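K.L.:
Attaching a single structure in structure tokens format; questions to follow.
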Amino acid sequence: MSTTDRRVLIVDAAIDLIATQGLRALTHRALDTALDLPAGSASYYFRTKRALVEAIVDRITTRSRADFFAAQLPKPGPIDPGTAARGIATWLDRLLAERRNHLIARHALILELLPDADLRTRLARSLFSTERARELFHTMDVPDPTTAAADFIALLEGAVFDRFAGSRADLVPGTPASVRQLTTLLTIYFRGAAYQPRSL
């Protein structure tokens with residue numbers, strides 16, 4: 001196994017450990033045990049806990065970008081709010097189904113990293129792209145695409161949290177009901193943003 005593969009294996013195990021046992025369970029020794037590695041293996045690749053957390057942030061960010069480019073999201077050009085909402089809802093549903101541990105670990109770390117402006121900011125931007133959202137709202141000819149994008153990211157963050165840890169945590173991702181719930185929520189926002197007056 002290459003060094004890169006071993007590092008990815010350890011980082012993925014760290015994410016799973018946080019998601020299943022909590023942030024306090026994240027230690028180099030626990031990772032060695034979980035992966036059945038010789039003692040000291042995790043600390044060889046990641047000397048400090050901060051180095052490990054930085055690698056987790058990078059892993060979540062890299063995976064999010066890969067998922068984004070692989071998804072069938074709205075392309076530039078005239079966009080129907082309902083069509084855009086369904087495309088993004090399908091993407092979010094897949095995120096909830098396939099990356100639940102990433103979502104849980106990310107939220108746990110964001111709270112832990114509140115005093116660390118650099119890592120907290122990087123982690124906060126690791127899941128959704130404000131720039132892509134701004135491009136989408138610009139394409140939709142929304143009066144203030146920058147504000148609309150920031151608000152939309154806040155909506156996505158809340159919607160995702162609601163689905164894996166909030167009042168809708170029992171709604172199973174990967175089902176028509178799941179996609180429908182997300183589509184309805186996003187359609188309401190798109191239509192509201194698209195028809196706001198250009199000046200007050």
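Letters for chains follow the order of the structure tokens (A, B, ...), residue numbers begin at 1 for each chain, and ligand numbers begin at 1 in the order shown.
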Could you give me, as number ranges by chain, the residues within 10 Å of Gln181 of chain A, counting only C-alpha atoms and dropping anything in the same chain fewer than 5 positions from it?
P.N.:
A: 86, 89, 93, 159, 168, 171, 176, 186
K.L.:
Take the selection from the previous step and output its residues with C-alpha atoms, as an mmCIF file, in the first residue's frame.
P.N.:
data_model
loop_
_atom_site.group_PDB
_atom_site.id
_atom_site.type_symbol
_atom_site.label_atom_id
_atom_site.label_comp_id
_atom_site.auth_asym_id
_atom_site.auth_seq_id
_atom_site.Cartn_x
_atom_site.Cartn_y
_atom_site.Cartn_z
ATOM 1 C CA ARG A 86 -34.815 18.932 -8.196
ATOM 2 C CA ALA A 89 -32.168 18.072 -4.148
ATOM 3 C CA ASP A 93 -30.041 13.340 -1.096
ATOM 4 C CA ALA A 159 -31.494 21.447 5.400
ATOM 5 C CA ARG A 168 -36.404 15.069 9.852
ATOM 6 C CA LEU A 171 -36.685 10.590 6.659
ATOM 7 C CA PRO A 176 -38.614 9.491 -3.424
ATOM 8 C CA LEU A 186 -35.379 24.459 -2.532
#
K.L.:
Can you tell me which residues surround Ala149 of chain A at a distance of at most 9 Å, considering only C-alpha atoms, apart from same-chain residues fewer than 6 positions away, and format the answer as an NGL selection string?
P.N.:
:A and (130-137)
K.L.:
May I have the selected residues written with N, CA and C atoms, as a tab-separated table (two decimals), in the first residue's frame?
P.N.:
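Written file, again-v7.tsv:
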chain	number	residue	atom	x	y	z
A	130	THR	N	-19.80	28.70	-2.35
A	130	THR	CA	-20.50	29.98	-2.49
A	130	THR	C	-20.33	30.53	-3.91
A	131	GLU	N	-19.14	30.34	-4.49
A	131	GLU	CA	-18.88	30.83	-5.84
A	131	GLU	C	-19.82	30.18	-6.86
A	132	ARG	N	-19.99	28.87	-6.75
A	132	ARG	CA	-20.89	28.17	-7.67
A	132	ARG	C	-22.33	28.62	-7.48
A	133	ALA	N	-22.71	28.83	-6.24
A	133	ALA	CA	-24.06	29.30	-5.96
A	133	ALA	C	-24.27	30.69	-6.55
A	134	ARG	N	-23.26	31.54	-6.43
A	134	ARG	CA	-23.36	32.88	-7.00
A	134	ARG	C	-23.53	32.82	-8.52
A	135	GLU	N	-22.76	31.93	-9.15
A	135	GLU	CA	-22.90	31.76	-10.60
A	135	GLU	C	-24.30	31.32	-10.98
A	136	LEU	N	-24.87	30.41	-10.19
A	136	LEU	CA	-26.21	29.90	-10.46
A	136	LEU	C	-27.23	31.04	-10.38
A	137	PHE	N	-27.15	31.86	-9.34
A	137	PHE	CA	-28.13	32.94	-9.18
A	137	PHE	C	-27.91	34.05	-10.20
K.L.:
Using backbone DSSP assignments, extract all helix (DSSP H, G or I) residues from segment 2-199 of chain A; output them as a VMD selection string.
P.N.:
chain A and resid 3 to 21 23 to 25 28 to 34 41 to 45 49 to 70 81 to 98 100 to 112 117 to 124 130 to 139 145 to 164 176 to 194
K.L.:
Show me, as a PyMOL selection string, the residues that have an atom within 9 Å of Arg65 of chain A when counting only C-alpha atoms, minus same-chain residues fewer than 6 positions from it.
P.N.:
chain A and resi 126-129
K.L.:
Kindly indicate which residue among A:Ala84, A:Ala51, A:Ala14, A:Leu156 lies nearest to Thr139 of chain A, using only C-alpha atoms for the distances.
P.N.:
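Nearest candidate to Thr139 of chain A out of A:Ala84, A:Ala51, A:Ala14, A:Leu156: A:Ala84.
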K.L.:
Distance table requested - segment 89-137 of chain A against segment 23-45 of chain A, cut-off 10 Å, only C-alpha atoms: one row per qualifying residue with the closest atom pair and its distance in Å to one decimal, ordered by chain and rising residue number, as a tab-separated table.
P.N.:
residue	atom	partner	partner_atom	distance
A:Ala105	CA	A:Leu23	CA	7.8
A:Ala108	CA	A:Leu23	CA	6.8
A:Leu109	CA	A:Leu23	CA	7.5
A:Glu112	CA	A:Leu23	CA	8.6
K.L.:
From the list A:Asp118, A:Asp5, A:Asp16, A:Asp151, which residue is nearest Phe190 of chain A when using only C-alpha atoms?
P.N.:
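Using only C-alpha atoms, the shortest distance to Phe190 of chain A belongs to A:Asp151.
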K.L.:
Could you check the closest approach to Ile10 of chain A for each of A:Leu114, A:Ala55, A:Ala150, A:Val172 and tell me which residue wins, using only C-alpha atoms?
P.N.:
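The shortest atom-to-atom distance to Ile10 of chain A comes from A:Ala55.
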